[in-house]
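Asks: Take this structure first; my questions come after.
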Amino acid sequence: MKKRQKTIIIIMIVAIILIIVSIIFAMFNFGSDKIISRVQINGMDVGGLTQEEATKKIQEWIEQEKNNTIELRYQDFSDNISVAELNFSSDIQEKLLEACKIGKTGNILQDNYQILFTYLFGKNIEIRNTNR
């Protein structure tokens, strides 16, 4: 065999191995009901949790935040108001679903890219609050 043919065969073997590993990696993650590691919602780590566990964790955090107060000042006027009094609502369920879907679209290449990118750099999903 020529040197060029050996190089092509080696490249093909490596490519086939990478494809097989990629498929196994994607199928392993697609079948999991847990959120990918290094995913955060509002800076809170939810990686490795199921959607139910993450929901509970975030709801507990929201309840704690509702107990906080905000001091309002204007010239000589000062008043404290609790966060609960502001009647905020948020898109928690939508953001939890977004976190759960990372790496689970069914597209092997896209899923592997999302998973690896999240493992390397992390992902923080921000909850939007709106006043009712």
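Following the order of the structure tokens, chains are lettered A, B, ..., residues in each are numbered from 1, and ligands are numbered from 1.
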Please report, as CSV, each residue of segment 75-106 of chain A lying at most 9 Å from segment 22-46 of chain A, together with the nearest pair of atoms and the separation in Å rounded to one decimal; use only C-alpha atoms, and order rows by chain and ascending residue number.
Replies:
```
residue,atom,partner,partner_atom,distance
A:Lys95,CA,A:Ile41,CA,7.6
A:Leu96,CA,A:Ile41,CA,7.9
A:Ala99,CA,A:Ile35,CA,6.4
A:Cys100,CA,A:Ile35,CA,5.0
A:Lys101,CA,A:Ile35,CA,7.8
A:Ile102,CA,A:Ile36,CA,6.9
A:Gly103,CA,A:Phe30,CA,7.0
A:Lys104,CA,A:Phe30,CA,5.0
A:Thr105,CA,A:Phe30,CA,8.0
A:Gly106,CA,A:Phe30,CA,7.4
```
Asks: Could you write out that same residue set with C-alpha atoms as a PDB file, in the first residue's frame?
Replies:
```
ATOM      1  CA  LYS A  95     -36.989  28.124  31.573  1.00  0.00           C
ATOM      2  CA  LEU A  96     -36.968  24.713  33.269  1.00  0.00           C
ATOM      3  CA  ALA A  99     -32.832  23.604  30.657  1.00  0.00           C
ATOM      4  CA  CYS A 100     -34.173  20.052  30.292  1.00  0.00           C
ATOM      5  CA  LYS A 101     -34.036  20.197  26.489  1.00  0.00           C
ATOM      6  CA  ILE A 102     -30.344  21.102  26.279  1.00  0.00           C
ATOM      7  CA  GLY A 103     -28.703  18.299  24.325  1.00  0.00           C
ATOM      8  CA  LYS A 104     -31.985  16.475  23.734  1.00  0.00           C
ATOM      9  CA  THR A 105     -33.338  17.726  20.416  1.00  0.00           C
ATOM     10  CA  GLY A 106     -32.841  14.451  18.562  1.00  0.00           C
TER      11      GLY A 106
END
```
Asks: Looking at only C-alpha atoms, which of A:Ile19, A:Ile70, A:Asp91, A:Glu60 is the one that sits closest to Ile108 of chain A?
Replies: A:Ile19
Asks: Excluding same-chain residues fewer than 5 positions from Leu72 of chain A, what lies within 12 Å of it counting only C-alpha atoms, as a PyMOL selection string?
Replies: chain A and resi 77-83
Asks: Can I get the selected residues back with N, CA and C atoms, as an mmCIF file, in the first residue's frame?
Replies:
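Saved to result35.cif:
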```cif
data_model
loop_
_atom_site.group_PDB
_atom_site.id
_atom_site.type_symbol
_atom_site.label_atom_id
_atom_site.label_comp_id
_atom_site.auth_asym_id
_atom_site.auth_seq_id
_atom_site.Cartn_x
_atom_site.Cartn_y
_atom_site.Cartn_z
ATOM 1 N N PHE A 77 -38.555 61.026 51.928
ATOM 2 C CA PHE A 77 -39.442 59.880 52.082
ATOM 3 C C PHE A 77 -38.639 58.586 52.016
ATOM 4 N N SER A 78 -38.966 57.647 52.893
ATOM 5 C CA SER A 78 -38.328 56.336 52.909
ATOM 6 C C SER A 78 -39.369 55.299 53.313
ATOM 7 N N ASP A 79 -39.389 54.188 52.623
ATOM 8 C CA ASP A 79 -40.338 53.132 52.949
ATOM 9 C C ASP A 79 -39.747 51.784 52.534
ATOM 10 N N ASN A 80 -40.137 50.749 53.253
ATOM 11 C CA ASN A 80 -39.727 49.386 52.916
ATOM 12 C C ASN A 80 -40.918 48.647 52.330
ATOM 13 N N ILE A 81 -40.669 47.896 51.294
ATOM 14 C CA ILE A 81 -41.720 47.112 50.667
ATOM 15 C C ILE A 81 -41.173 45.696 50.456
ATOM 16 N N SER A 82 -42.002 44.697 50.709
ATOM 17 C CA SER A 82 -41.543 43.318 50.512
ATOM 18 C C SER A 82 -41.633 42.972 49.022
ATOM 19 N N VAL A 83 -40.795 42.071 48.615
ATOM 20 C CA VAL A 83 -40.797 41.629 47.218
ATOM 21 C C VAL A 83 -42.151 40.997 46.878
#
```
Asks: Taking the backbone alone, and naming residues the way the document does, which bits of chain A are alpha helix (DSSP H) by DSSP, as a PyMOL selection string?
Replies: chain A and resi 3-30+51-66+92-101+108-121
